[in-house]
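**Q** Got a file for you: model26.pdb, PDB, C-alpha atoms and all ligand atoms.
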MODEL        1
ATOM      1  CA  MET A  19      11.782 186.899 174.441
ATOM      2  CA  SER A  20      14.563 189.383 173.735
ATOM      3  CA  THR A  21      17.466 188.460 175.940
ATOM      4  CA  HIS A  22      21.104 189.351 175.483
ATOM      5  CA  ASP A  23      21.942 185.606 175.510
ATOM      6  CA  GLU A  24      19.704 184.883 172.566
ATOM      7  CA  ALA A  25      21.224 187.713 170.548
ATOM      8  CA  ASP A  26      24.746 186.782 171.626
ATOM      9  CA  ALA A  27      24.303 183.409 169.974
ATOM     10  CA  GLU A  28      23.345 185.198 166.791
ATOM     11  CA  ALA A  29      26.436 187.418 167.027
ATOM     12  CA  ALA A  30      28.856 184.575 167.613
ATOM     13  CA  GLU A  31      30.130 184.446 164.050
ATOM     14  CA  LEU A  32      33.866 184.663 164.575
ATOM     15  CA  VAL A  33      35.733 185.089 161.319
ATOM     16  CA  GLU A  34      38.751 186.527 159.461
ATOM     17  CA  THR A  35      41.468 188.743 160.799
ATOM     18  CA  ILE A  36      41.097 192.496 160.781
ATOM     19  CA  ASP A  37      43.474 194.597 158.668
ATOM     20  CA  PRO A  38      45.593 197.071 160.634
ATOM     21  CA  GLY A  39      43.947 200.493 160.539
ATOM     22  CA  ASP A  40      40.506 199.089 159.789
ATOM     23  CA  VAL A  41      37.671 200.821 161.608
ATOM     24  CA  ALA A  42      37.084 197.578 163.488
ATOM     25  CA  ASP A  43      40.745 197.322 164.477
ATOM     26  CA  GLY A  44      40.829 196.881 168.242
ATOM     27  CA  ALA A  45      37.689 194.791 168.410
ATOM     28  CA  SER A  46      38.336 191.501 170.193
ATOM     29  CA  PHE A  47      36.263 189.436 167.788
ATOM     30  CA  VAL A  48      34.434 189.905 164.505
ATOM     31  CA  THR A  49      30.751 190.455 165.131
ATOM     32  CA  VAL A  50      27.863 190.492 162.693
ATOM     33  CA  CYS A  51      28.036 194.300 162.922
ATOM     34  CA  ILE A  52      31.586 194.332 161.558
ATOM     35  CA  GLN A  53      30.831 191.762 158.870
ATOM     36  CA  ARG A  54      27.883 193.766 157.575
ATOM     37  CA  TRP A  55      29.935 196.964 157.721
ATOM     38  CA  TRP A  56      32.613 195.398 155.513
ATOM     39  CA  ASN A  57      30.039 194.027 153.100
ATOM     40  CA  ALA A  58      28.498 197.487 152.668
ATOM     41  CA  GLY A  59      31.662 198.793 150.941
ATOM     42  CA  PRO A  60      31.264 198.262 147.189
ATOM     43  CA  GLU A  61      34.099 196.764 145.136
ATOM     44  CA  GLU A  62      34.252 199.769 142.772
ATOM     45  CA  GLN A  63      35.295 201.960 145.698
ATOM     46  CA  LYS A  64      38.373 199.848 146.274
ATOM     47  CA  ARG A  65      39.454 200.397 142.655
ATOM     48  CA  MET A  66      38.759 204.132 142.973
ATOM     49  CA  TRP A  67      41.256 204.397 145.853
ATOM     50  CA  GLN A  68      44.040 203.478 143.443
ATOM     51  CA  ILE A  69      43.099 206.273 141.013
ATOM     52  CA  PHE A  70      42.575 209.331 143.233
ATOM     53  CA  VAL A  71      44.787 210.760 145.969
ATOM     54  CA  GLU A  72      41.952 212.313 147.956
ATOM     55  CA  THR A  73      39.188 209.748 147.950
ATOM     56  CA  GLY A  74      36.586 211.624 149.953
ATOM     57  CA  ILE A  75      35.923 213.548 153.116
ATOM     58  CA  PHE A  76      35.411 212.430 156.674
ATOM     59  CA  VAL A  77      33.248 214.876 158.635
ATOM     60  CA  ALA A  78      31.848 215.658 162.053
ATOM     61  CA  VAL A  79      28.569 217.582 162.292
ATOM     62  CA  CYS A  80      26.550 218.605 165.322
ATOM     63  CA  ARG A  81      22.948 217.536 165.817
ATOM     64  CA  HIS A  82      21.715 220.760 164.207
ATOM     65  CA  GLY A  83      23.637 219.856 161.070
ATOM     66  CA  PHE A  84      26.415 222.452 161.414
ATOM     67  CA  MET A  85      29.719 221.360 159.956
ATOM     68  CA  LEU A  86      32.272 221.019 162.759
ATOM     69  CA  TYR A  87      35.287 219.359 161.124
ATOM     70  CA  ILE A  88      36.224 218.030 157.722
ATOM     71  CA  CYS A  89      39.276 215.995 156.839
ATOM     72  CA  ASP A  90      40.450 214.471 153.567
ATOM     73  CA  MET A  91      40.630 210.731 153.252
ATOM     74  CA  ILE A  92      43.875 209.953 151.425
ATOM     75  CA  GLN A  93      44.135 206.911 149.140
ATOM     76  CA  SER A  94      41.892 204.891 151.382
ATOM     77  CA  GLY A  95      38.365 204.199 152.397
ATOM     78  CA  GLU A  96      37.115 204.817 155.873
ATOM     79  CA  LEU A  97      39.921 203.934 158.275
ATOM     80  CA  ALA A  98      40.071 204.103 162.064
ATOM     81  CA  LYS A  99      42.623 206.909 161.998
ATOM     82  CA  TYR A 100      40.121 209.428 160.624
ATOM     83  CA  GLU A 101      37.546 208.834 163.321
ATOM     84  CA  LEU A 102      40.230 208.609 166.012
ATOM     85  CA  ALA A 103      41.654 211.992 164.964
ATOM     86  CA  LEU A 104      38.219 213.618 164.819
ATOM     87  CA  THR A 105      37.194 212.160 168.161
ATOM     88  CA  ASP A 106      40.372 213.520 169.727
ATOM     89  CA  LYS A 107      39.705 216.936 168.214
ATOM     90  CA  LEU A 108      36.075 216.945 169.371
ATOM     91  CA  ILE A 109      37.094 216.119 172.946
ATOM     92  CA  ASN A 110      39.799 218.812 172.908
ATOM     93  CA  VAL A 111      37.359 221.460 171.727
ATOM     94  CA  TYR A 112      33.999 220.438 173.215
ATOM     95  CA  GLY A 113      35.139 218.649 176.375
ATOM     96  CA  SER A 114      33.187 216.187 178.469
ATOM     97  CA  ASN A 115      30.033 214.126 178.003
ATOM     98  CA  LEU A 116      30.076 213.917 174.213
ATOM     99  CA  CYS A 117      27.792 211.400 172.537
ATOM    100  CA  ILE A 118      28.965 210.586 169.022
ATOM    101  CA  GLY A 119      26.866 208.754 166.465
ATOM    102  CA  TYR A 120      28.946 206.598 164.143
ATOM    103  CA  ASP A 121      27.739 203.907 161.721
ATOM    104  CA  ILE A 122      29.932 201.311 163.409
ATOM    105  CA  GLY A 123      30.021 203.068 166.808
ATOM    106  CA  CYS A 124      29.424 199.782 168.640
ATOM    107  CA  THR A 125      32.711 198.338 167.410
ATOM    108  CA  PHE A 126      34.606 201.593 167.195
ATOM    109  CA  SER A 127      34.128 202.064 170.916
ATOM    110  CA  SER A 128      36.538 199.100 171.402
ATOM    111  CA  THR A 129      38.944 200.698 168.930
ATOM    112  CA  VAL A 130      38.985 203.847 171.073
ATOM    113  CA  SER A 131      39.389 201.786 174.246
ATOM    114  CA  SER A 132      42.445 200.074 172.785
ATOM    115  CA  SER A 133      44.082 203.333 171.688
ATOM    116  CA  PRO A 134      46.854 204.261 174.139
ATOM    117  CA  LEU A 135      46.543 207.934 173.159
ATOM    118  CA  LEU A 136      42.777 208.320 173.141
ATOM    119  CA  ALA A 137      41.476 205.780 175.671
ATOM    120  CA  PRO A 138      42.449 207.685 178.868
ATOM    121  CA  LYS A 139      41.014 210.917 177.494
ATOM    122  CA  ALA A 140      37.798 209.258 176.306
ATOM    123  CA  HIS A 141      37.322 207.586 179.674
ATOM    124  CA  ALA A 142      38.064 210.738 181.689
ATOM    125  CA  THR A 143      35.598 212.812 179.651
ATOM    126  CA  ASN A 144      32.797 210.251 179.702
ATOM    127  CA  LEU A 145      32.714 209.876 175.913
ATOM    128  CA  ARG A 146      30.144 207.523 174.457
ATOM    129  CA  PHE A 147      29.218 206.284 170.997
ATOM    130  CA  VAL A 148      25.872 205.292 169.559
ATOM    131  CA  VAL A 149      24.901 203.657 166.267
ATOM    132  CA  PRO A 150      22.683 206.078 164.280
ATOM    133  CA  SER A 151      19.080 204.950 164.179
ATOM    134  CA  PHE A 152      18.721 203.984 160.501
ATOM    135  CA  HIS A 153      22.135 202.318 160.467
ATOM    136  CA  GLY A 154      21.059 200.514 163.623
ATOM    137  CA  HIS A 155      18.836 198.278 161.547
ATOM    138  CA  ALA A 156      21.897 196.661 159.959
ATOM    139  CA  HIS A 157      23.048 195.691 163.470
ATOM    140  CA  ASN A 158      21.563 192.789 165.362
ATOM    141  CA  ARG A 159      19.394 192.940 168.435
ATOM    142  CA  ARG A 160      22.272 192.318 170.838
ATOM    143  CA  CYS A 161      23.958 195.420 169.473
ATOM    144  CA  GLN A 162      20.805 197.522 169.337
ATOM    145  CA  LEU A 163      20.038 196.930 173.011
ATOM    146  CA  ASP A 164      23.261 198.716 173.940
ATOM    147  CA  TRP A 165      23.830 201.097 171.049
ATOM    148  CA  HIS A 166      20.582 202.082 169.313
ATOM    149  CA  PRO A 167      19.383 205.638 170.204
ATOM    150  CA  LEU A 168      15.865 204.267 170.612
ATOM    151  CA  TYR A 169      16.998 202.602 173.837
ATOM    152  CA  ILE A 170      19.217 205.435 175.061
ATOM    153  CA  THR A 171      16.884 207.736 176.968
ATOM    154  CA  ASP A 172      19.378 210.643 177.079
ATOM    155  CA  ALA A 173      19.381 210.731 173.269
ATOM    156  CA  GLY A 174      15.802 212.019 173.063
ATOM    157  CA  LEU A 175      14.453 211.976 169.510
ATOM    158  CA  GLU A 176      17.850 212.497 167.896
ATOM    159  CA  ASP A 177      18.538 210.026 165.078
ATOM    160  CA  PHE A 178      22.297 210.811 164.743
ATOM    161  CA  GLU A 179      21.949 210.678 160.961
ATOM    162  CA  ALA A 180      22.849 214.314 160.172
ATOM    163  CA  CYS A 181      25.866 213.184 158.106
ATOM    164  CA  GLU A 182      23.563 211.507 155.607
ATOM    165  CA  SER A 183      21.906 214.858 154.792
ATOM    166  CA  VAL A 184      25.357 216.429 154.561
ATOM    167  CA  PHE A 185      26.603 213.856 152.051
ATOM    168  CA  SER A 186      23.420 214.012 150.020
ATOM    169  CA  PHE A 187      24.052 217.757 149.713
ATOM    170  CA  SER A 188      27.815 217.543 149.138
ATOM    171  CA  ASN A 189      27.322 215.133 146.229
ATOM    172  CA  LEU A 190      26.511 218.340 144.326
ATOM    173  CA  VAL A 191      30.191 219.250 144.152
ATOM    174  CA  ALA A 192      31.643 215.756 143.776
ATOM    175  CA  ALA A 193      31.501 215.869 139.968
ATOM    176  CA  THR A 194      33.147 219.282 139.766
ATOM    177  CA  VAL A 195      36.015 218.663 142.180
ATOM    178  CA  CYS A 196      37.147 215.171 141.208
ATOM    179  CA  ASN A 197      39.733 216.525 138.764
ATOM    180  CA  ALA A 198      40.475 219.778 140.622
ATOM    181  CA  THR A 199      43.731 220.663 142.372
ATOM    182  CA  ALA A 200      43.807 220.179 146.129
ATOM    183  CA  PHE A 201      43.459 223.930 146.638
ATOM    184  CA  HIS A 202      40.407 224.340 144.411
ATOM    185  CA  ARG A 203      38.842 221.206 145.777
ATOM    186  CA  HIS A 204      39.158 222.480 149.347
ATOM    187  CA  GLN A 205      37.882 225.878 148.275
ATOM    188  CA  ALA A 206      34.769 224.415 146.618
ATOM    189  CA  ILE A 207      34.017 222.214 149.625
ATOM    190  CA  GLU A 208      34.559 225.099 152.026
ATOM    191  CA  GLU A 209      32.215 227.372 150.050
ATOM    192  CA  LEU A 210      29.602 224.646 149.825
ATOM    193  CA  PHE A 211      29.546 224.062 153.569
ATOM    194  CA  LYS A 212      29.619 227.780 154.318
ATOM    195  CA  TYR A 213      26.364 228.010 152.389
ATOM    196  CA  TRP A 214      25.088 224.876 154.128
ATOM    197  CA  ASP A 215      25.825 226.310 157.594
ATOM    198  CA  GLU A 216      24.107 229.595 156.703
ATOM    199  CA  GLN A 217      20.974 227.662 155.805
ATOM    200  CA  LYS A 218      21.115 225.677 159.040
ATOM    201  CA  TYR A 219      21.609 228.840 161.049
ATOM    202  CA  ALA A 220      18.652 230.543 159.390
ATOM    203  CA  ASN A 221      16.493 227.477 160.046
ATOM    204  CA  LEU A 222      17.260 227.531 163.776
ATOM    205  CA  SER A 223      15.093 230.608 164.247
ATOM    206  CA  ARG A 224      12.051 229.253 162.418
TER
HETATM  207 ZN    ZN A 301      26.634 196.981 166.078
HETATM  208 ZN    ZN A 302      24.588 222.266 167.039
ENDMDL
END
Can I see the file as structure tokens?

**A**
Amino acid sequence: MSTHDEADAEAAELVETIDPGDVADGASFVTVCIQRWWNAGPEEQKRMWQIFVETGIFVAVCRHGFMLYICDMIQSGELAKYELALTDKLINVYGSNLCIGYDIGCTFSSTVSSSPLLAPKAHATNLRFVVPSFHGHAHNRRCQLDWHPLYITDAGLEDFEACESVFSFSNLVAATVCNATAFHRHQAIEELFKYWDEQKYANLSR
């Protein structure tokens, strides 16, 4: 029997307070999804944030894999502000009925709903989040019933995991840019994704 009630009991682990700016900031209680999300961040990363100014990139790609937007993450890990800014940008440019896959999309949806700037826009444009299909397996059944693409008929066969291919590819430049100036770092990343997009474009016609 797979009822919401059963899974709710499993999710009822209420713990800790959420740091301001955390991706889960805005959630009314700490679910298993959030707990597992926190646990997935290795300790070494936290030390790395104190060494580098730009600690990584936060990206948005379409379902074909084209790079839409890239922003630097500055002296931090993944914070709500990056996804909030990108979501705002995506709505401004692409308009209504967007469906965004995000590893912690289930929880981040509450973060958007509690944002005074973004909530009205998200609601008016019918924005929705899903949890990408492979990441969905780290979320419990209660979450999957509402957020896993498998159960969202409009999602078709899309797995919402395009970012994973992007990062696997962009690891190629990580070693060369970690000591570069901001300009050269941006230039290398830009060139890399220009090449990436050309490949994706060529593949569309096959
Ligand atoms: Zn979840
Ligand atoms: Zn596309």

**Q** Using the chain letters and numbers from the file, give me the residues hit by the PyMOL selection byres (((not hetatm)) within 8 of (chain A and resi 301)), as a PyMOL selection string.

**A** chain A and resi 49-52+122-125+149+154+156-158+160-162+165

**Q** Would you put the residues from that selection into a file with C-alpha atoms, as a CSV table (one decimal), in the frame of the given file?

**A**
chain,number,residue,atom,x,y,z
A,49,THR,CA,30.8,190.5,165.1
A,50,VAL,CA,27.9,190.5,162.7
A,51,CYS,CA,28.0,194.3,162.9
A,52,ILE,CA,31.6,194.3,161.6
A,122,ILE,CA,29.9,201.3,163.4
A,123,GLY,CA,30.0,203.1,166.8
A,124,CYS,CA,29.4,199.8,168.6
A,125,THR,CA,32.7,198.3,167.4
A,149,VAL,CA,24.9,203.7,166.3
A,154,GLY,CA,21.1,200.5,163.6
A,156,ALA,CA,21.9,196.7,160.0
A,157,HIS,CA,23.0,195.7,163.5
A,158,ASN,CA,21.6,192.8,165.4
A,160,ARG,CA,22.3,192.3,170.8
A,161,CYS,CA,24.0,195.4,169.5
A,162,GLN,CA,20.8,197.5,169.3
A,165,TRP,CA,23.8,201.1,171.0

**Q** I need the residue nearest ligand ZN 302 (chain A) from this list: A:Asp177, A:Asp40, A:Ile170, A:Gly83. Use only C-alpha atoms and all ligand atoms for the distance.

**A**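 For ligand ZN 302 (chain A), the nearest of the candidates is A:Gly83.
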
**Q** Which neighbours of Asp121 of chain A fall inside 12 Å, counting only C-alpha atoms, when residues of the same chain fewer than 4 positions from it are skipped, and could you give them as a PyMOL selection string?

**A** chain A and resi 41-42+51-52+54-56+58+96+101+125-127+147-157+165-166+177-182

**Q** Once the PyMOL selection byres (((not hetatm)) within 6 of (chain A and resi 302)) has been evaluated on this model, what residues remain selected, and can you format them as a PDB file with C-alpha atoms, keeping the file's coordinate frame?

**A**
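As written to disk, expr_11.pdb reads:
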ATOM      1  CA  CYS A  80      26.550 218.605 165.322  1.00  0.00           C
ATOM      2  CA  ARG A  81      22.948 217.536 165.817  1.00  0.00           C
ATOM      3  CA  HIS A  82      21.715 220.760 164.207  1.00  0.00           C
ATOM      4  CA  PHE A  84      26.415 222.452 161.414  1.00  0.00           C
TER       5      PHE A  84
END

**Q** What is the atom CA of Ala220 of chain A to atom CA of Val77 of chain A distance in Å?

**A** 21.4 Å

**Q** Can you sort out segment 194-217 of chain A so it carries N, CA and C atoms, written as a PDB file, in the frame of the given file?

**A**
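The new file part_18.pdb reads:
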ATOM      1  N   THR A 194      32.322 218.143 140.186  1.00  0.00           N
ATOM      2  CA  THR A 194      33.147 219.282 139.766  1.00  0.00           C
ATOM      3  C   THR A 194      34.538 219.264 140.399  1.00  0.00           C
ATOM      4  N   VAL A 195      34.717 218.597 141.512  1.00  0.00           N
ATOM      5  CA  VAL A 195      36.015 218.663 142.180  1.00  0.00           C
ATOM      6  C   VAL A 195      36.899 217.433 141.930  1.00  0.00           C
ATOM      7  N   CYS A 196      36.364 216.407 141.274  1.00  0.00           N
ATOM      8  CA  CYS A 196      37.147 215.171 141.208  1.00  0.00           C
ATOM      9  C   CYS A 196      38.439 215.318 140.401  1.00  0.00           C
ATOM     10  N   ASN A 197      38.483 216.297 139.497  1.00  0.00           N
ATOM     11  CA  ASN A 197      39.733 216.525 138.764  1.00  0.00           C
ATOM     12  C   ASN A 197      40.383 217.859 139.136  1.00  0.00           C
ATOM     13  N   ALA A 198      39.934 218.472 140.214  1.00  0.00           N
ATOM     14  CA  ALA A 198      40.475 219.778 140.622  1.00  0.00           C
ATOM     15  C   ALA A 198      41.778 219.603 141.398  1.00  0.00           C
ATOM     16  N   THR A 199      42.536 220.700 141.510  1.00  0.00           N
ATOM     17  CA  THR A 199      43.731 220.663 142.372  1.00  0.00           C
ATOM     18  C   THR A 199      43.261 220.621 143.817  1.00  0.00           C
ATOM     19  N   ALA A 200      44.168 220.267 144.712  1.00  0.00           N
ATOM     20  CA  ALA A 200      43.807 220.179 146.129  1.00  0.00           C
ATOM     21  C   ALA A 200      43.267 221.520 146.623  1.00  0.00           C
ATOM     22  N   PHE A 201      43.898 222.606 146.189  1.00  0.00           N
ATOM     23  CA  PHE A 201      43.459 223.930 146.638  1.00  0.00           C
ATOM     24  C   PHE A 201      42.020 224.214 146.201  1.00  0.00           C
ATOM     25  N   HIS A 202      41.742 224.025 144.912  1.00  0.00           N
ATOM     26  CA  HIS A 202      40.407 224.340 144.411  1.00  0.00           C
ATOM     27  C   HIS A 202      39.356 223.385 144.951  1.00  0.00           C
ATOM     28  N   ARG A 203      39.767 222.173 145.205  1.00  0.00           N
ATOM     29  CA  ARG A 203      38.842 221.206 145.777  1.00  0.00           C
ATOM     30  C   ARG A 203      38.438 221.662 147.186  1.00  0.00           C
ATOM     31  N   HIS A 204      39.447 222.013 147.989  1.00  0.00           N
ATOM     32  CA  HIS A 204      39.158 222.480 149.347  1.00  0.00           C
ATOM     33  C   HIS A 204      38.290 223.739 149.329  1.00  0.00           C
ATOM     34  N   GLN A 205      38.619 224.622 148.377  1.00  0.00           N
ATOM     35  CA  GLN A 205      37.882 225.878 148.275  1.00  0.00           C
ATOM     36  C   GLN A 205      36.402 225.621 147.957  1.00  0.00           C
ATOM     37  N   ALA A 206      36.151 224.724 147.006  1.00  0.00           N
ATOM     38  CA  ALA A 206      34.769 224.415 146.618  1.00  0.00           C
ATOM     39  C   ALA A 206      34.004 223.782 147.778  1.00  0.00           C
ATOM     40  N   ILE A 207      34.670 222.895 148.493  1.00  0.00           N
ATOM     41  CA  ILE A 207      34.017 222.214 149.625  1.00  0.00           C
ATOM     42  C   ILE A 207      33.739 223.218 150.747  1.00  0.00           C
ATOM     43  N   GLU A 208      34.715 224.075 150.991  1.00  0.00           N
ATOM     44  CA  GLU A 208      34.559 225.099 152.026  1.00  0.00           C
ATOM     45  C   GLU A 208      33.376 226.037 151.710  1.00  0.00           C
ATOM     46  N   GLU A 209      33.303 226.471 150.455  1.00  0.00           N
ATOM     47  CA  GLU A 209      32.215 227.372 150.050  1.00  0.00           C
ATOM     48  C   GLU A 209      30.860 226.668 150.170  1.00  0.00           C
ATOM     49  N   LEU A 210      30.853 225.408 149.762  1.00  0.00           N
ATOM     50  CA  LEU A 210      29.602 224.646 149.825  1.00  0.00           C
ATOM     51  C   LEU A 210      29.087 224.565 151.261  1.00  0.00           C
ATOM     52  N   PHE A 211      29.982 224.235 152.184  1.00  0.00           N
ATOM     53  CA  PHE A 211      29.546 224.062 153.569  1.00  0.00           C
ATOM     54  C   PHE A 211      29.310 225.390 154.288  1.00  0.00           C
ATOM     55  N   LYS A 212      29.920 226.460 153.774  1.00  0.00           N
ATOM     56  CA  LYS A 212      29.619 227.780 154.318  1.00  0.00           C
ATOM     57  C   LYS A 212      28.141 228.090 154.028  1.00  0.00           C
ATOM     58  N   TYR A 213      27.752 227.815 152.803  1.00  0.00           N
ATOM     59  CA  TYR A 213      26.364 228.010 152.389  1.00  0.00           C
ATOM     60  C   TYR A 213      25.432 227.092 153.195  1.00  0.00           C
ATOM     61  N   TRP A 214      25.851 225.874 153.364  1.00  0.00           N
ATOM     62  CA  TRP A 214      25.088 224.876 154.128  1.00  0.00           C
ATOM     63  C   TRP A 214      24.856 225.357 155.562  1.00  0.00           C
ATOM     64  N   ASP A 215      25.922 225.839 156.212  1.00  0.00           N
ATOM     65  CA  ASP A 215      25.825 226.310 157.594  1.00  0.00           C
ATOM     66  C   ASP A 215      24.908 227.532 157.706  1.00  0.00           C
ATOM     67  N   GLU A 216      24.980 228.408 156.691  1.00  0.00           N
ATOM     68  CA  GLU A 216      24.107 229.595 156.703  1.00  0.00           C
ATOM     69  C   GLU A 216      22.644 229.168 156.671  1.00  0.00           C
ATOM     70  N   GLN A 217      22.357 228.170 155.867  1.00  0.00           N
ATOM     71  CA  GLN A 217      20.974 227.662 155.805  1.00  0.00           C
ATOM     72  C   GLN A 217      20.541 227.076 157.140  1.00  0.00           C
TER      73      GLN A 217
END
